[in-house]
$ cat run17.cif   # mmCIF, C-alpha atoms
data_run
loop_
_atom_site.group_PDB
_atom_site.id
_atom_site.type_symbol
_atom_site.label_atom_id
_atom_site.label_comp_id
_atom_site.auth_asym_id
_atom_site.auth_seq_id
_atom_site.Cartn_x
_atom_site.Cartn_y
_atom_site.Cartn_z
ATOM 1 C CA MET A 1 -20.156 24.293 -7.564
ATOM 2 C CA LYS A 2 -18.196 22.253 -10.075
ATOM 3 C CA ARG A 3 -18.297 18.499 -9.476
ATOM 4 C CA GLU A 4 -15.954 15.824 -10.645
ATOM 5 C CA ILE A 5 -17.403 12.401 -11.315
ATOM 6 C CA LYS A 6 -15.063 9.436 -11.569
ATOM 7 C CA PHE A 7 -16.226 6.003 -12.585
ATOM 8 C CA SER A 8 -14.350 3.308 -10.767
ATOM 9 C CA LEU A 9 -15.050 -0.336 -11.448
ATOM 10 C CA VAL A 10 -13.446 -2.397 -8.739
ATOM 11 C CA PHE A 11 -12.999 -6.134 -8.907
ATOM 12 C CA ARG A 12 -11.825 -7.023 -5.445
ATOM 13 C CA ASP A 13 -12.108 -10.751 -5.130
ATOM 14 C CA MET A 14 -8.352 -11.306 -5.162
ATOM 15 C CA TRP A 15 -7.837 -11.508 -1.396
ATOM 16 C CA GLN A 16 -11.277 -12.675 -0.320
ATOM 17 C CA SER A 17 -12.020 -15.627 -2.569
ATOM 18 C CA ALA A 18 -12.125 -19.109 -1.099
ATOM 19 C CA GLY A 19 -8.944 -20.186 -2.898
ATOM 20 C CA LYS A 20 -6.947 -17.103 -1.965
ATOM 21 C CA TYR A 21 -4.090 -16.078 -4.181
ATOM 22 C CA VAL A 22 -1.246 -15.549 -1.735
ATOM 23 C CA PRO A 23 1.317 -13.110 -3.165
ATOM 24 C CA ARG A 24 4.657 -12.225 -1.666
ATOM 25 C CA VAL A 25 5.686 -8.581 -1.663
ATOM 26 C CA ASP A 26 8.357 -9.210 -4.319
ATOM 27 C CA GLN A 27 5.635 -10.621 -6.601
ATOM 28 C CA LEU A 28 3.395 -7.643 -5.935
ATOM 29 C CA THR A 29 6.080 -5.048 -6.647
ATOM 30 C CA ARG A 30 7.014 -6.883 -9.857
ATOM 31 C CA VAL A 31 3.501 -6.327 -11.299
ATOM 32 C CA ALA A 32 3.250 -2.685 -10.151
ATOM 33 C CA PRO A 33 4.704 -1.227 -13.402
ATOM 34 C CA ALA A 34 2.064 -2.996 -15.519
ATOM 35 C CA ILE A 35 -0.730 -1.675 -13.298
ATOM 36 C CA ILE A 36 0.729 1.834 -13.452
ATOM 37 C CA GLU A 37 0.932 1.615 -17.241
ATOM 38 C CA MET A 38 -2.837 0.946 -17.365
ATOM 39 C CA GLY A 39 -3.409 4.551 -16.321
ATOM 40 C CA CYS A 40 -5.317 3.992 -13.064
ATOM 41 C CA PHE A 41 -6.160 7.026 -10.917
ATOM 42 C CA ALA A 42 -6.570 4.973 -7.742
ATOM 43 C CA ARG A 43 -6.282 1.455 -6.420
ATOM 44 C CA VAL A 44 -7.646 -0.501 -3.470
ATOM 45 C CA GLU A 45 -5.094 -1.625 -0.898
ATOM 46 C CA THR A 46 -6.953 -2.904 2.117
ATOM 47 C CA ASN A 47 -10.184 -4.840 2.017
ATOM 48 C CA GLY A 48 -11.099 -6.454 5.278
ATOM 49 C CA GLY A 49 -7.528 -6.836 6.470
ATOM 50 C CA GLY A 50 -6.824 -9.278 3.647
ATOM 51 C CA PHE A 51 -3.505 -7.750 2.651
ATOM 52 C CA GLU A 52 -2.075 -7.910 6.146
ATOM 53 C CA GLN A 53 -3.354 -11.458 6.708
ATOM 54 C CA VAL A 54 -1.976 -12.650 3.392
ATOM 55 C CA ASN A 55 1.517 -11.339 4.071
ATOM 56 C CA LEU A 56 1.573 -12.789 7.547
ATOM 57 C CA LEU A 57 1.190 -16.216 5.959
ATOM 58 C CA PHE A 58 4.640 -15.825 4.435
ATOM 59 C CA GLY A 59 6.138 -14.443 7.614
ATOM 60 C CA GLU A 60 6.640 -11.056 5.950
ATOM 61 C CA ASN A 61 6.271 -7.910 8.000
ATOM 62 C CA PRO A 62 2.910 -6.550 6.772
ATOM 63 C CA ASN A 63 3.903 -2.937 7.520
ATOM 64 C CA LYS A 64 7.054 -3.231 5.423
ATOM 65 C CA ALA A 65 5.257 -5.160 2.682
ATOM 66 C CA VAL A 66 2.397 -2.701 2.296
ATOM 67 C CA ARG A 67 4.802 0.264 2.174
ATOM 68 C CA GLU A 68 6.881 -1.409 -0.548
ATOM 69 C CA TRP A 69 3.763 -2.289 -2.538
ATOM 70 C CA THR A 70 2.264 1.211 -2.234
ATOM 71 C CA LYS A 71 5.443 3.177 -3.057
ATOM 72 C CA PRO A 72 5.523 2.692 -6.847
ATOM 73 C CA PHE A 73 1.901 3.817 -7.099
ATOM 74 C CA HIS A 74 2.514 6.933 -5.008
ATOM 75 C CA ASP A 75 5.581 7.728 -7.104
ATOM 76 C CA ALA A 76 3.307 7.569 -10.187
ATOM 77 C CA GLY A 77 0.622 9.781 -8.572
ATOM 78 C CA ILE A 78 -1.872 6.937 -8.081
ATOM 79 C CA GLN A 79 -3.910 7.190 -4.886
ATOM 80 C CA THR A 80 -4.491 4.217 -2.619
ATOM 81 C CA HIS A 81 -7.888 3.346 -1.133
ATOM 82 C CA MET A 82 -8.776 1.300 1.890
ATOM 83 C CA LEU A 83 -12.128 -0.189 2.763
ATOM 84 C CA ASP A 84 -13.576 0.642 6.174
ATOM 85 C CA ARG A 85 -16.657 -1.144 7.483
ATOM 86 C CA ALA A 86 -17.727 1.796 9.708
ATOM 87 C CA LEU A 87 -18.057 0.604 13.314
ATOM 88 C CA ASN A 88 -16.426 -2.693 12.368
ATOM 89 C CA GLY A 89 -13.282 -1.121 10.968
ATOM 90 C CA LEU A 90 -11.633 -3.826 8.890
ATOM 91 C CA ARG A 91 -13.304 -6.693 10.691
ATOM 92 C CA MET A 92 -16.724 -8.280 10.626
ATOM 93 C CA SER A 93 -17.450 -7.350 14.262
ATOM 94 C CA PRO A 94 -17.276 -4.008 16.128
ATOM 95 C CA VAL A 95 -13.881 -2.518 16.952
ATOM 96 C CA PRO A 96 -13.307 -0.038 19.821
ATOM 97 C CA ALA A 97 -13.124 3.609 18.751
ATOM 98 C CA ASP A 98 -9.537 4.137 19.975
ATOM 99 C CA VAL A 99 -8.327 1.146 17.942
ATOM 100 C CA ARG A 100 -10.114 2.422 14.823
ATOM 101 C CA GLN A 101 -8.664 5.891 15.298
ATOM 102 C CA LEU A 102 -5.133 4.471 15.595
ATOM 103 C CA PHE A 103 -5.753 2.241 12.590
ATOM 104 C CA TYR A 104 -6.315 5.298 10.366
ATOM 105 C CA LYS A 105 -3.000 6.805 11.457
ATOM 106 C CA VAL A 106 -1.187 3.527 10.752
ATOM 107 C CA LYS A 107 -2.790 3.122 7.306
ATOM 108 C CA LYS A 108 -1.869 6.721 6.402
ATOM 109 C CA ALA A 109 1.748 6.009 7.406
ATOM 110 C CA GLN A 110 1.630 2.883 5.239
ATOM 111 C CA GLY A 111 0.639 4.967 2.203
ATOM 112 C CA THR A 112 -3.159 4.896 2.142
ATOM 113 C CA ASP A 113 -4.725 8.137 0.872
ATOM 114 C CA ILE A 114 -8.464 7.511 0.720
ATOM 115 C CA THR A 115 -10.717 5.693 3.142
ATOM 116 C CA ARG A 116 -13.891 4.337 1.569
ATOM 117 C CA THR A 117 -16.327 3.870 4.450
ATOM 118 C CA PHE A 118 -19.594 2.017 4.228
ATOM 119 C CA CYS A 119 -22.276 0.779 6.568
ATOM 120 C CA GLY A 120 -24.416 -2.032 5.178
ATOM 121 C CA LEU A 121 -27.366 -0.450 7.015
ATOM 122 C CA ASN A 122 -26.684 2.985 5.476
ATOM 123 C CA ASP A 123 -26.713 4.414 8.992
ATOM 124 C CA VAL A 124 -24.942 7.767 8.904
ATOM 125 C CA ARG A 125 -24.325 7.535 12.672
ATOM 126 C CA ASN A 126 -22.105 4.494 12.048
ATOM 127 C CA ILE A 127 -20.124 6.289 9.336
ATOM 128 C CA ALA A 128 -19.666 9.643 11.125
ATOM 129 C CA PRO A 129 -16.683 8.623 13.317
ATOM 130 C CA SER A 130 -14.792 7.365 10.251
ATOM 131 C CA ILE A 131 -15.053 10.789 8.624
ATOM 132 C CA GLN A 132 -13.476 12.357 11.714
ATOM 133 C CA TYR A 133 -10.719 9.706 11.965
ATOM 134 C CA ALA A 134 -9.844 10.070 8.282
ATOM 135 C CA LYS A 135 -9.547 13.846 8.565
ATOM 136 C CA GLU A 136 -7.401 13.588 11.709
ATOM 137 C CA ALA A 137 -5.044 11.180 9.925
ATOM 138 C CA GLY A 138 -4.756 13.414 6.840
ATOM 139 C CA MET A 139 -6.761 11.112 4.566
ATOM 140 C CA ILE A 140 -9.571 11.749 2.086
ATOM 141 C CA SER A 141 -12.905 10.615 3.494
ATOM 142 C CA GLN A 142 -14.961 8.840 0.840
ATOM 143 C CA CYS A 143 -18.351 7.687 2.112
ATOM 144 C CA SER A 144 -20.457 5.041 0.419
ATOM 145 C CA LEU A 145 -24.142 4.807 -0.278
ATOM 146 C CA CYS A 146 -24.933 1.081 -0.314
ATOM 147 C CA ILE A 147 -27.563 0.776 -2.993
ATOM 148 C CA THR A 148 -30.348 -1.721 -3.000
ATOM 149 C CA HIS A 149 -33.832 -2.002 -4.412
ATOM 150 C CA SER A 150 -36.832 -1.512 -2.126
ATOM 151 C CA PRO A 151 -39.757 0.867 -1.662
ATOM 152 C CA ILE A 152 -37.751 3.008 0.804
ATOM 153 C CA HIS A 153 -34.451 3.091 -1.128
ATOM 154 C CA THR A 154 -35.337 5.921 -3.474
ATOM 155 C CA VAL A 155 -33.332 8.687 -5.124
ATOM 156 C CA GLU A 156 -34.552 10.997 -2.365
ATOM 157 C CA TYR A 157 -33.361 8.547 0.314
ATOM 158 C CA TYR A 158 -29.852 8.396 -1.151
ATOM 159 C CA THR A 159 -29.705 12.133 -1.851
ATOM 160 C CA LYS A 160 -30.611 12.874 1.788
ATOM 161 C CA MET A 161 -27.962 10.439 3.002
ATOM 162 C CA ALA A 162 -25.312 11.964 0.725
ATOM 163 C CA MET A 163 -26.115 15.472 1.953
ATOM 164 C CA GLU A 164 -25.863 14.347 5.597
ATOM 165 C CA LEU A 165 -22.442 12.779 4.917
ATOM 166 C CA ILE A 166 -21.231 15.914 3.128
ATOM 167 C CA GLU A 167 -22.377 18.049 6.079
ATOM 168 C CA LEU A 168 -20.332 15.785 8.371
ATOM 169 C CA GLY A 169 -17.231 16.466 6.247
ATOM 170 C CA ALA A 170 -17.134 13.677 3.642
ATOM 171 C CA ASP A 171 -14.834 14.678 0.783
ATOM 172 C CA GLU A 172 -16.249 12.197 -1.717
ATOM 173 C CA ILE A 173 -19.420 10.158 -2.127
ATOM 174 C CA CYS A 174 -19.285 6.649 -3.566
ATOM 175 C CA ILE A 175 -22.155 4.536 -4.850
ATOM 176 C CA LYS A 176 -21.440 1.038 -3.580
ATOM 177 C CA ASP A 177 -23.293 -1.604 -5.540
ATOM 178 C CA ILE A 178 -22.714 -4.569 -3.230
ATOM 179 C CA ALA A 179 -25.372 -6.763 -4.818
ATOM 180 C CA GLY A 180 -24.588 -5.881 -8.429
ATOM 181 C CA ILE A 181 -28.084 -4.507 -9.067
ATOM 182 C CA GLY A 182 -27.092 -1.127 -10.454
ATOM 183 C CA ARG A 183 -27.664 -0.356 -14.101
ATOM 184 C CA PRO A 184 -26.564 2.791 -15.962
ATOM 185 C CA TYR A 185 -30.151 4.089 -16.086
ATOM 186 C CA SER A 186 -30.847 3.679 -12.363
ATOM 187 C CA LEU A 187 -27.398 4.842 -11.232
ATOM 188 C CA GLY A 188 -27.563 7.899 -13.484
#
$ encode --input "run17.cif" --output "structure tokens"
Amino acid sequence: MKREIKFSLVFRDMWQSAGKYVPRVDQLTRVAPAIIEMGCFARVETNGGGFEQVNLLFGENPNKAVREWTKPFHDAGIQTHMLDRALNGLRMSPVPADVRQLFYKVKKAQGTDITRTFCGLNDVRNIAPSIQYAKEAGMISQCSLCITHSPIHTVEYYTKMAMELIELGADEICIKDIAGIGRPYSLG
């Protein structure tokens, strides 16, 4: 089986930093051509609901804003990611299953192609519903292995987890280095 490996370095502190940069949709769409010119294959749209919250501060309709912002990237063939915190959805506390399922459909309509799901506990049971919701909404299900360093977090541990996620229907596997501990040797 041929495998494609993409290296994606994501700096996503824009919406979540303490001194949030608060862009309007007209500012976002103005910078889209420069981002497209960089030659990206994908970009992150939603991280913890930040985009929607930010646009609400200006009184802009977040559904309209996110569609306008995503359109130039789709026109250029650039896929859009969203971050999903497994059972927590986009929040920091659990979200009911029916709300999460609807959320996927809404994000797909807004132009999101790929859902990158992670569970900080690496519990496949928490990630499994997200795979199903992504597929039902017509999205690519990318599941994350949250790496850390401990006696139990071995190559075998992560390989087993990846195989379980693939068996559940994950389209892509992502190595999520939350703590910044990964080095080319260990990640390889």
$ resolve_selection --input "run17.cif" --expression "the PyMOL selection byres ((chain A and resi 64) around 12)" --output "PDB file with C-alpha atoms, in the coordinates of the input"
ATOM      1  CA  ARG A  24       4.657 -12.225  -1.666  1.00  0.00           C
ATOM      2  CA  VAL A  25       5.686  -8.581  -1.663  1.00  0.00           C
ATOM      3  CA  ASP A  26       8.357  -9.210  -4.319  1.00  0.00           C
ATOM      4  CA  PHE A  51      -3.505  -7.750   2.651  1.00  0.00           C
ATOM      5  CA  GLU A  52      -2.075  -7.910   6.146  1.00  0.00           C
ATOM      6  CA  ASN A  55       1.517 -11.339   4.071  1.00  0.00           C
ATOM      7  CA  LEU A  56       1.573 -12.789   7.547  1.00  0.00           C
ATOM      8  CA  GLY A  59       6.138 -14.443   7.614  1.00  0.00           C
ATOM      9  CA  GLU A  60       6.640 -11.056   5.950  1.00  0.00           C
ATOM     10  CA  ASN A  61       6.271  -7.910   8.000  1.00  0.00           C
ATOM     11  CA  PRO A  62       2.910  -6.550   6.772  1.00  0.00           C
ATOM     12  CA  ASN A  63       3.903  -2.937   7.520  1.00  0.00           C
ATOM     13  CA  ALA A  65       5.257  -5.160   2.682  1.00  0.00           C
ATOM     14  CA  VAL A  66       2.397  -2.701   2.296  1.00  0.00           C
ATOM     15  CA  ARG A  67       4.802   0.264   2.174  1.00  0.00           C
ATOM     16  CA  GLU A  68       6.881  -1.409  -0.548  1.00  0.00           C
ATOM     17  CA  TRP A  69       3.763  -2.289  -2.538  1.00  0.00           C
ATOM     18  CA  THR A  70       2.264   1.211  -2.234  1.00  0.00           C
ATOM     19  CA  LYS A  71       5.443   3.177  -3.057  1.00  0.00           C
ATOM     20  CA  VAL A 106      -1.187   3.527  10.752  1.00  0.00           C
ATOM     21  CA  LYS A 107      -2.790   3.122   7.306  1.00  0.00           C
ATOM     22  CA  ALA A 109       1.748   6.009   7.406  1.00  0.00           C
ATOM     23  CA  GLN A 110       1.630   2.883   5.239  1.00  0.00           C
ATOM     24  CA  GLY A 111       0.639   4.967   2.203  1.00  0.00           C
TER      25      GLY A 111
END
$ resolve_selection --input "run17.cif" --expression "the PyMOL selection byres ((chain A and resi 81) around 10)" --output "PyMOL selection string"
chain A and resi 42-47+78-80+82-84+107+111-116+139-142
$ atom_distance --input "run17.cif" --atom1 "atom CA of Gly120 of chain A" --atom2 "atom CA of Ser186 of chain A"
19.5 Å
$ atom_distance --input "run17.cif" --atom1 "atom CA of Ser130 of chain A" --atom2 "atom CA of Tyr158 of chain A"
18.9 Å
$ closest_residue --input "run17.cif" --among "A:Ile166, A:Ile152, A:Lys2, A:Leu145" --to "Leu187 of chain A" --atoms "only C-alpha atoms"
A:Leu145
$ atom_distance --input "run17.cif" --atom1 "atom CA of Pro94 of chain A" --atom2 "atom CA of Ser144 of chain A"
18.4 Å
$ resolve_selection --input "run17.cif" --expression "the PyMOL selection byres ((chain A and resi 97-100) around 12)" --output "count of residues only"
28
$ closest_residue --input "run17.cif" --among "A:Gly188, A:Pro23, A:Pro151, A:Gly169" --to "Lys135 of chain A" --atoms "all atoms listed in the file"
A:Gly169
$ axis_aligned_box --input "run17.cif" --around "segment 23-40 of chain A" --padding-each-side "8 Å" --output "lines of an AutoDock Vina configuration file"
center_x = 1.5
center_y = -4.3
center_z = -9.5
size_x = 29.7
size_y = 33.7
size_z = 31.7
$ residues_around --input "run17.cif" --residues "Leu121 of chain A" --least-positions-apart "2" --cutoff "8 Å" --atoms "all atoms listed in the file" --output "PyMOL selection string"
chain A and resi 119+123+146
$ residues_around --input "run17.cif" --residues "Glu4 of chain A" --least-positions-apart "5" --cutoff "12 Å" --atoms "all atoms listed in the file" --output "VMD selection string"
chain A and resid 171 to 173
